[in-house]
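Below is structure07.txt, holding compact mmCIF, C-alpha atoms.
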```
# COMPACT_ATOMS: atom_id res chain seq x y z
CA GLU A 1 49.48 71.10 -196.56
CA THR A 2 50.16 71.26 -200.32
CA LEU A 3 53.90 71.51 -199.74
CA ARG A 4 53.78 68.50 -197.41
CA HIS A 5 51.90 66.51 -200.06
CA GLN A 6 54.47 67.44 -202.74
CA LEU A 7 57.32 66.45 -200.44
CA GLU A 8 55.64 63.10 -199.72
CA LEU A 9 55.29 62.45 -203.44
CA SER A 10 58.94 63.37 -204.07
CA VAL A 11 60.21 61.17 -201.25
CA GLY A 12 57.96 58.31 -202.39
CA ALA A 13 59.27 58.60 -205.96
CA MET A 14 62.80 57.95 -204.67
CA SER A 15 61.77 54.39 -203.85
CA THR A 16 60.02 53.50 -207.11
CA ASP A 17 61.22 52.41 -210.55
CA ILE A 18 64.65 51.45 -209.26
CA ASN A 19 67.17 50.14 -211.76
CA TYR A 20 68.68 47.38 -209.61
CA PRO A 21 71.15 46.13 -212.25
CA MET A 22 72.69 49.61 -212.51
CA ALA A 23 72.64 49.94 -208.72
CA PHE A 24 74.55 46.65 -208.53
CA VAL A 25 77.12 47.94 -211.04
CA GLY A 26 77.55 51.10 -208.96
CA ALA A 27 77.88 49.10 -205.75
CA VAL A 28 80.51 46.78 -207.24
CA LEU A 29 82.48 49.69 -208.72
CA GLY A 30 82.32 51.47 -205.36
CA GLY A 31 83.42 48.31 -203.56
CA ALA A 32 86.31 47.84 -205.97
CA ALA A 33 87.38 51.47 -205.51
CA GLY A 34 87.19 51.22 -201.71
CA ALA A 35 89.06 47.91 -201.65
CA ALA A 36 91.71 49.29 -204.00
CA LEU A 37 92.11 52.35 -201.77
CA TRP A 38 92.65 50.25 -198.65
CA TRP A 39 94.94 47.80 -200.43
CA GLY A 40 96.88 50.60 -202.15
CA PHE A 41 97.37 52.41 -198.85
CA THR A 42 98.66 49.17 -197.34
CA VAL A 43 101.06 48.51 -200.21
CA LEU A 44 102.41 52.07 -200.19
CA THR A 45 102.77 52.47 -196.42
CA LYS A 46 103.31 48.82 -195.47
CA ILE A 47 100.77 49.42 -192.68
CA SER A 48 97.39 47.70 -192.50
CA PHE A 49 95.30 50.60 -191.23
CA GLY A 50 91.82 49.12 -190.88
CA LEU A 51 90.05 52.44 -190.47
CA ILE A 52 90.62 53.06 -194.17
CA ALA A 53 88.33 50.08 -194.78
CA VAL A 54 85.45 52.39 -193.89
CA ALA A 55 85.93 53.85 -197.37
CA ILE A 56 84.57 50.57 -198.74
CA GLY A 57 81.18 51.08 -197.11
CA TYR A 58 81.04 54.71 -198.13
CA ALA A 59 82.05 53.99 -201.75
CA VAL A 60 79.60 51.09 -202.07
CA GLY A 61 76.73 53.14 -200.66
CA TRP A 62 77.59 56.12 -202.84
CA GLY A 63 77.89 53.96 -205.97
CA THR A 64 74.61 52.21 -205.23
CA VAL A 65 72.68 55.47 -204.88
CA ARG A 66 74.31 57.26 -207.82
CA PHE A 67 73.98 54.40 -210.30
CA ALA A 68 70.37 53.83 -209.20
CA GLY A 69 69.58 57.40 -210.26
CA ASP A 70 69.64 58.80 -206.71
CA LYS A 71 66.95 56.32 -205.68
CA ARG A 72 66.74 54.97 -202.15
CA SER A 73 64.99 51.89 -200.78
CA ARG A 74 65.26 48.99 -198.38
CA GLY A 75 66.22 46.76 -201.32
CA LEU A 76 69.10 49.08 -202.19
CA GLN A 77 70.21 48.97 -198.56
CA VAL A 78 70.36 45.16 -198.66
CA LEU A 79 72.20 45.25 -202.00
CA SER A 80 74.67 47.83 -200.73
CA ALA A 81 75.41 46.03 -197.46
CA THR A 82 75.87 42.69 -199.24
CA VAL A 83 78.34 44.14 -201.74
CA ALA A 84 80.15 46.02 -198.95
CA LEU A 85 80.53 42.75 -197.01
CA ALA A 86 82.03 41.06 -200.06
CA GLY A 87 84.24 44.08 -200.75
CA TYR A 88 85.54 44.07 -197.18
CA PHE A 89 86.50 40.40 -197.40
CA VAL A 90 88.16 40.86 -200.81
CA ALA A 91 90.14 43.82 -199.46
CA THR A 92 91.09 41.84 -196.34
CA TYR A 93 92.31 39.02 -198.58
CA LEU A 94 94.40 41.41 -200.68
CA VAL A 95 95.91 43.10 -197.63
CA ASN A 96 96.71 39.80 -195.89
CA ALA A 97 98.08 38.21 -199.07
CA THR A 98 100.34 41.22 -199.58
CA PHE A 99 101.82 40.87 -196.10
CA ILE A 100 102.15 37.08 -196.45
CA ASN A 101 103.96 37.45 -199.77
CA LYS A 102 106.24 40.09 -198.25
CA ALA A 103 107.11 37.78 -195.35
CA LEU A 104 107.76 34.88 -197.74
CA ALA A 105 110.06 37.05 -199.86
CA GLU A 106 111.98 38.24 -196.79
CA ARG A 107 112.57 34.62 -195.79
CA GLY A 108 113.83 33.83 -199.27
CA ASP A 109 110.95 31.47 -199.90
CA GLY A 110 110.00 31.36 -203.58
CA GLN A 111 106.36 30.56 -202.81
CA ARG A 112 103.70 33.24 -203.25
CA ILE A 113 99.98 33.47 -202.61
CA GLU A 114 97.93 34.43 -205.64
CA LEU A 115 96.55 37.94 -205.28
CA PHE A 116 93.49 37.00 -207.30
CA THR A 117 92.22 33.51 -206.54
CA MET A 118 89.09 31.54 -207.26
CA ASP A 119 89.95 28.96 -204.58
CA PRO A 120 87.40 29.42 -201.76
CA ALA A 121 89.51 27.47 -199.26
CA LEU A 122 92.59 29.63 -199.86
CA PHE A 123 90.48 32.79 -199.78
CA THR A 124 88.89 31.80 -196.44
CA ARG A 125 92.21 30.84 -194.83
CA VAL A 126 93.90 34.09 -195.86
CA VAL A 127 90.96 36.26 -194.74
CA ALA A 128 90.75 34.46 -191.39
CA LEU A 129 94.42 35.08 -190.57
CA GLY A 130 94.59 37.51 -187.70
CA PHE A 131 90.88 38.36 -187.96
CA GLY A 132 90.11 39.78 -184.55
CA LEU A 133 87.90 42.11 -182.58
CA MET A 134 88.95 45.28 -184.40
CA ASP A 135 88.20 43.61 -187.73
CA PHE A 136 84.64 43.06 -186.53
CA VAL A 137 84.44 46.70 -185.44
CA PHE A 138 85.67 47.94 -188.83
CA LEU A 139 83.36 45.52 -190.63
CA ALA A 140 80.41 46.82 -188.62
CA ILE A 141 81.30 50.40 -189.58
CA VAL A 142 81.66 49.41 -193.23
CA LEU A 143 78.24 47.75 -193.18
CA TRP A 144 76.66 50.71 -191.40
CA GLN A 145 78.04 53.13 -194.00
CA ALA A 146 76.78 50.95 -196.85
CA TRP A 147 73.38 50.51 -195.15
CA LYS A 148 72.61 54.10 -194.24
CA MET A 149 73.48 55.79 -197.54
CA PRO A 150 70.71 54.21 -199.68
CA ALA A 151 68.17 54.37 -196.84
CA PRO A 152 64.80 55.77 -197.88
CA LEU A 153 64.28 59.37 -196.80
CA ARG A 154 61.66 59.97 -194.16
CA LEU A 155 59.75 63.14 -193.54
CA PRO A 156 59.37 64.18 -189.93
CA ASP A 157 56.02 63.43 -188.35
CA ARG A 158 53.45 66.16 -188.40
CA THR A 159 53.42 68.01 -185.13
CA GLY A 160 50.55 69.98 -183.70
CA ALA A 161 48.03 68.49 -186.17
```

Rendering of file as structure tokens:
Amino acid sequence: ETLRHQLELSVGAMSTDINYPMAFVGAVLGGAAGAALWWGFTVLTKISFGLIAVAIGYAVGWGTVRFAGDKRSRGLQVLSATVALAGYFVATYLVNATFINKALAERGDGQRIELFTMDPALFTRVVALGFGLMDFVFLAIVLWQAWKMPAPLRLPDRTGA
């Protein structure tokens, strides 16, 4: 009974005194690392392999938990999933823009799409290009990874009590 009580206190402490600004920094750094990994793989191999996008969700979740001091809570889950969603769309933009710029160069067209844009209309158009069923599947996996990592721990129910 004493051990159970100590475990409950330890698990409860993981969801208190959370440093959300640091968790946000960790989430953004994780999202940037995951997006860079997917984009870098695409640039090096010239293949858009969406399964690598799962690294975004993992990196965001990991960064969220680590920078929050190994804390876990529902709020961290929301933060992590939100940043992972943004990271996925940024990575999708970078991957699509890379392929568009490659196609323009092959045609001899001097036009290029900015890799880093603040234009929401351009960003939306580039992300939407070719966005299909598998993109939704990969996005769901990314969000699941980002959601489950900072989930609060739960002790199993008492049995036989």

Checklist entry - When distances are computed from only C-alpha atoms, which of A:Thr2, A:Thr98, A:Ile18, A:Leu85 shows the smallest separation from Phe67 of chain A? => result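 Of all the options, A:Ile18 lies closest to Phe67 of chain A.
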
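Minimum atom-to-atom distances from A:Pro150, A:Leu37, A:Asp17, A:Leu79 to Leu51 of chain A were compared using all atoms listed in the file, and the lowest value belongs to A:Leu37.
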
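The gap separating atom CA of Thr42 of chain A from atom CA of Gly110 of chain A is 22.0 Å, in Å to one decimal.
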
Checklist entry - Which distance in Å separates atom CA of Tyr20 of chain A and atom CA of Leu76 of chain A, to one decimal? => result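 Computing the Euclidean distance for atom CA of Tyr20 of chain A and atom CA of Leu76 of chain A yields 7.6 Å.
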
Checklist outcome for this item: Closest of A:Ala121, A:Ala32, A:Ala27, A:Val78 to Gly61 of chain A, counting all atoms listed in the file, is A:Ala27

Item to check | Proximity to Leu122 of chain A - best of A:Ala97, A:Leu139, A:Met134, A:Ala35, only C-alpha atoms | outcome: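 Between A:Ala97, A:Leu139, A:Met134, A:Ala35, the residue approaching Leu122 of chain A most closely is A:Ala97.
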
Next on the checklist: I'd like the neighbourhood of Gly57 of chain A as a ChimeraX atom specification, where a residue qualifies if any of its atoms comes within 7 Å (using all atoms listed in the file), though same-chain residues fewer than 2 positions away should be ignored.
Outcome noted: /A:54-55,59-61,84,142-143,145-146

Item to check | Atomic distance atom CA of Gly31 of chain A - atom CA of Arg66 of chain A, expressed in Å with one decimal | outcome: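 Atom CA of Arg66 of chain A lies 13.5 Å from atom CA of Gly31 of chain A.
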
Checklist entry - Skipping near chain neighbours, those fewer than 6 positions away, what residues fall within 10 Å of Val126 of chain A using only C-alpha atoms, listed as JSON, numbers by chain? => result {"A": [89, 92, 93, 94, 95, 96, 97, 100, 113, 120]}

Checklist outcome for this item: Of A:Phe138, A:Phe131, A:Tyr88, A:Phe99, the one nearest to Ile47 of chain A when counting all atoms listed in the file is A:Phe99

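Counting all atoms listed in the file, the residue from A:Phe116, A:Trp62, A:Phe123, A:Phe49 that sits nearest to Ala33 of chain A is A:Trp62.
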
Next on the checklist: Env of Trp144 of chain A: 8 Å cut, atoms = all atoms listed in the file, seq-sep filter 3 positions within chain, self excluded. Answer as number ranges by chain.
Outcome noted: A: 57, 81, 140-141, 147-148

Keeping C-alpha atoms for every residue in the selection just given, could you write it to a file as a compact mmCIF listing (two decimals), keeping the file's coordinate frame?
```
# COMPACT_ATOMS: atom_id res chain seq x y z
CA GLY A 57 81.18 51.08 -197.11
CA ALA A 81 75.41 46.03 -197.46
CA ALA A 140 80.41 46.82 -188.62
CA ILE A 141 81.30 50.40 -189.58
CA TRP A 147 73.38 50.51 -195.15
CA LYS A 148 72.61 54.10 -194.24
```

Item to check | Radius query 6 Å about (75.2, 50.7, -207.6), atoms used: only C-alpha atoms, as a PyMOL selection string | outcome: chain A and resi 22-27+63-64+67-68

Take segment 99-148 of chain A from the preceding structure and save N, CA and C atoms as an mmCIF file, in the first residue's frame.
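Output file part-v4.cif follows:
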```
data_model
loop_
_atom_site.group_PDB
_atom_site.id
_atom_site.type_symbol
_atom_site.label_atom_id
_atom_site.label_comp_id
_atom_site.auth_asym_id
_atom_site.auth_seq_id
_atom_site.Cartn_x
_atom_site.Cartn_y
_atom_site.Cartn_z
ATOM 1 N N PHE A 99 10.630 19.840 -55.148
ATOM 2 C CA PHE A 99 10.295 19.154 -56.400
ATOM 3 C C PHE A 99 9.795 20.127 -57.466
ATOM 4 N N ILE A 100 9.052 21.144 -57.059
ATOM 5 C CA ILE A 100 8.584 22.154 -58.028
ATOM 6 C C ILE A 100 9.779 22.895 -58.606
ATOM 7 N N ASN A 101 10.696 23.318 -57.752
ATOM 8 C CA ASN A 101 11.884 24.034 -58.235
ATOM 9 C C ASN A 101 12.733 23.156 -59.146
ATOM 10 N N LYS A 102 12.817 21.881 -58.833
ATOM 11 C CA LYS A 102 13.567 20.947 -59.690
ATOM 12 C C LYS A 102 12.911 20.851 -61.068
ATOM 13 N N ALA A 103 11.583 20.729 -61.085
ATOM 14 C CA ALA A 103 10.860 20.642 -62.357
ATOM 15 C C ALA A 103 11.003 21.938 -63.155
ATOM 16 N N LEU A 104 10.950 23.074 -62.495
ATOM 17 C CA LEU A 104 11.131 24.354 -63.192
ATOM 18 C C LEU A 104 12.530 24.454 -63.787
ATOM 19 N N ALA A 105 13.529 24.014 -63.053
ATOM 20 C CA ALA A 105 14.909 24.065 -63.542
ATOM 21 C C ALA A 105 15.090 23.142 -64.743
ATOM 22 N N GLU A 106 14.485 21.964 -64.695
ATOM 23 C CA GLU A 106 14.600 21.020 -65.810
ATOM 24 C C GLU A 106 13.948 21.560 -67.073
ATOM 25 N N ARG A 107 12.914 22.367 -66.917
ATOM 26 C CA ARG A 107 12.245 22.974 -68.072
ATOM 27 C C ARG A 107 12.972 24.214 -68.567
ATOM 28 N N GLY A 108 13.979 24.638 -67.837
ATOM 29 C CA GLY A 108 14.713 25.839 -68.214
ATOM 30 C C GLY A 108 14.027 27.114 -67.783
ATOM 31 N N ASP A 109 13.027 26.994 -66.965
ATOM 32 C CA ASP A 109 12.295 28.147 -66.454
ATOM 33 C C ASP A 109 13.112 28.779 -65.322
ATOM 34 N N GLY A 110 13.315 30.069 -65.387
ATOM 35 C CA GLY A 110 14.113 30.767 -64.376
ATOM 36 C C GLY A 110 13.366 31.051 -63.083
ATOM 37 N N GLN A 111 12.060 30.778 -63.079
ATOM 38 C CA GLN A 111 11.265 31.024 -61.869
ATOM 39 C C GLN A 111 11.586 29.999 -60.797
ATOM 40 N N ARG A 112 11.466 30.402 -59.550
ATOM 41 C CA ARG A 112 11.647 29.496 -58.411
ATOM 42 C C ARG A 112 10.635 29.855 -57.325
ATOM 43 N N ILE A 113 10.275 28.865 -56.553
ATOM 44 C CA ILE A 113 9.418 29.087 -55.388
ATOM 45 C C ILE A 113 10.335 29.285 -54.195
ATOM 46 N N GLU A 114 10.033 30.286 -53.392
ATOM 47 C CA GLU A 114 10.830 30.543 -52.194
ATOM 48 C C GLU A 114 10.728 29.346 -51.253
ATOM 49 N N LEU A 115 11.856 28.899 -50.741
ATOM 50 C CA LEU A 115 11.818 27.790 -49.787
ATOM 51 C C LEU A 115 11.284 28.241 -48.437
ATOM 52 N N PHE A 116 11.504 29.484 -48.104
ATOM 53 C CA PHE A 116 10.999 30.012 -46.830
ATOM 54 C C PHE A 116 10.146 31.225 -47.161
ATOM 55 N N THR A 117 8.838 31.069 -46.999
ATOM 56 C CA THR A 117 7.903 32.122 -47.377
ATOM 57 C C THR A 117 7.023 32.511 -46.192
ATOM 58 N N MET A 118 6.597 33.741 -46.215
ATOM 59 C CA MET A 118 5.636 34.225 -45.228
ATOM 60 C C MET A 118 4.278 34.462 -45.892
ATOM 61 N N ASP A 119 4.151 34.079 -47.152
ATOM 62 C CA ASP A 119 2.920 34.263 -47.911
ATOM 63 C C ASP A 119 1.985 33.074 -47.651
ATOM 64 N N PRO A 120 0.915 33.270 -46.887
ATOM 65 C CA PRO A 120 0.025 32.147 -46.562
ATOM 66 C C PRO A 120 -0.634 31.520 -47.790
ATOM 67 N N ALA A 121 -0.933 32.321 -48.800
ATOM 68 C CA ALA A 121 -1.576 31.782 -50.004
ATOM 69 C C ALA A 121 -0.610 30.846 -50.747
ATOM 70 N N LEU A 122 0.633 31.278 -50.914
ATOM 71 C CA LEU A 122 1.629 30.432 -51.569
ATOM 72 C C LEU A 122 1.857 29.160 -50.760
ATOM 73 N N PHE A 123 2.000 29.320 -49.459
ATOM 74 C CA PHE A 123 2.230 28.170 -48.579
ATOM 75 C C PHE A 123 1.097 27.151 -48.740
ATOM 76 N N THR A 124 -0.139 27.609 -48.692
ATOM 77 C CA THR A 124 -1.300 26.725 -48.798
ATOM 78 C C THR A 124 -1.348 26.029 -50.150
ATOM 79 N N ARG A 125 -1.111 26.776 -51.230
ATOM 80 C CA ARG A 125 -1.140 26.172 -52.567
ATOM 81 C C ARG A 125 -0.078 25.094 -52.720
ATOM 82 N N VAL A 126 1.123 25.354 -52.234
ATOM 83 C CA VAL A 126 2.217 24.385 -52.375
ATOM 84 C C VAL A 126 1.954 23.152 -51.512
ATOM 85 N N VAL A 127 1.461 23.329 -50.305
ATOM 86 C CA VAL A 127 1.168 22.189 -49.427
ATOM 87 C C VAL A 127 0.043 21.338 -50.022
ATOM 88 N N ALA A 128 -0.948 21.978 -50.612
ATOM 89 C CA ALA A 128 -2.105 21.252 -51.145
ATOM 90 C C ALA A 128 -1.787 20.449 -52.401
ATOM 91 N N LEU A 129 -0.704 20.767 -53.083
ATOM 92 C CA LEU A 129 -0.367 20.049 -54.318
ATOM 93 C C LEU A 129 -0.150 18.569 -54.036
ATOM 94 N N GLY A 130 -0.947 17.753 -54.658
ATOM 95 C CA GLY A 130 -0.786 16.316 -54.538
ATOM 96 C C GLY A 130 -1.108 15.752 -53.166
ATOM 97 N N PHE A 131 -1.745 16.542 -52.308
ATOM 98 C CA PHE A 131 -2.080 16.067 -50.962
ATOM 99 C C PHE A 131 -3.207 15.055 -51.095
ATOM 100 N N GLY A 132 -2.918 13.813 -50.762
ATOM 101 C CA GLY A 132 -3.894 12.754 -50.965
ATOM 102 C C GLY A 132 -4.108 11.895 -49.734
ATOM 103 N N LEU A 133 -4.680 10.737 -49.967
ATOM 104 C CA LEU A 133 -5.031 9.825 -48.884
ATOM 105 C C LEU A 133 -3.828 9.425 -48.034
ATOM 106 N N MET A 134 -2.711 9.094 -48.664
ATOM 107 C CA MET A 134 -1.538 8.679 -47.902
ATOM 108 C C MET A 134 -0.988 9.823 -47.057
ATOM 109 N N ASP A 135 -1.135 11.046 -47.524
ATOM 110 C CA ASP A 135 -0.715 12.196 -46.726
ATOM 111 C C ASP A 135 -1.533 12.272 -45.432
ATOM 112 N N PHE A 136 -2.821 11.982 -45.536
ATOM 113 C CA PHE A 136 -3.658 11.972 -44.336
ATOM 114 C C PHE A 136 -3.247 10.841 -43.394
ATOM 115 N N VAL A 137 -2.888 9.704 -43.969
ATOM 116 C CA VAL A 137 -2.440 8.572 -43.144
ATOM 117 C C VAL A 137 -1.155 8.952 -42.407
ATOM 118 N N PHE A 138 -0.182 9.501 -43.140
ATOM 119 C CA PHE A 138 1.082 9.892 -42.502
ATOM 120 C C PHE A 138 0.862 10.999 -41.474
ATOM 121 N N LEU A 139 -0.004 11.939 -41.790
ATOM 122 C CA LEU A 139 -0.312 13.007 -40.844
ATOM 123 C C LEU A 139 -0.926 12.427 -39.567
ATOM 124 N N ALA A 140 -1.819 11.473 -39.711
ATOM 125 C CA ALA A 140 -2.432 10.843 -38.540
ATOM 126 C C ALA A 140 -1.369 10.148 -37.683
ATOM 127 N N ILE A 141 -0.417 9.484 -38.324
ATOM 128 C CA ILE A 141 0.647 8.814 -37.572
ATOM 129 C C ILE A 141 1.526 9.838 -36.867
ATOM 130 N N VAL A 142 1.836 10.922 -37.564
ATOM 131 C CA VAL A 142 2.637 11.998 -36.964
ATOM 132 C C VAL A 142 1.932 12.538 -35.721
ATOM 133 N N LEU A 143 0.644 12.815 -35.843
ATOM 134 C CA LEU A 143 -0.111 13.360 -34.721
ATOM 135 C C LEU A 143 -0.207 12.356 -33.572
ATOM 136 N N TRP A 144 -0.375 11.089 -33.898
ATOM 137 C CA TRP A 144 -0.438 10.062 -32.854
ATOM 138 C C TRP A 144 0.885 9.990 -32.091
ATOM 139 N N GLN A 145 2.000 10.005 -32.817
ATOM 140 C CA GLN A 145 3.309 9.969 -32.168
ATOM 141 C C GLN A 145 3.476 11.168 -31.234
ATOM 142 N N ALA A 146 3.123 12.343 -31.727
ATOM 143 C CA ALA A 146 3.276 13.563 -30.928
ATOM 144 C C ALA A 146 2.323 13.566 -29.732
ATOM 145 N N TRP A 147 1.164 12.936 -29.868
ATOM 146 C CA TRP A 147 0.154 12.918 -28.812
ATOM 147 C C TRP A 147 0.507 11.920 -27.708
ATOM 148 N N LYS A 148 0.977 10.754 -28.093
ATOM 149 C CA LYS A 148 1.156 9.707 -27.086
ATOM 150 C C LYS A 148 2.395 9.909 -26.217
#
```
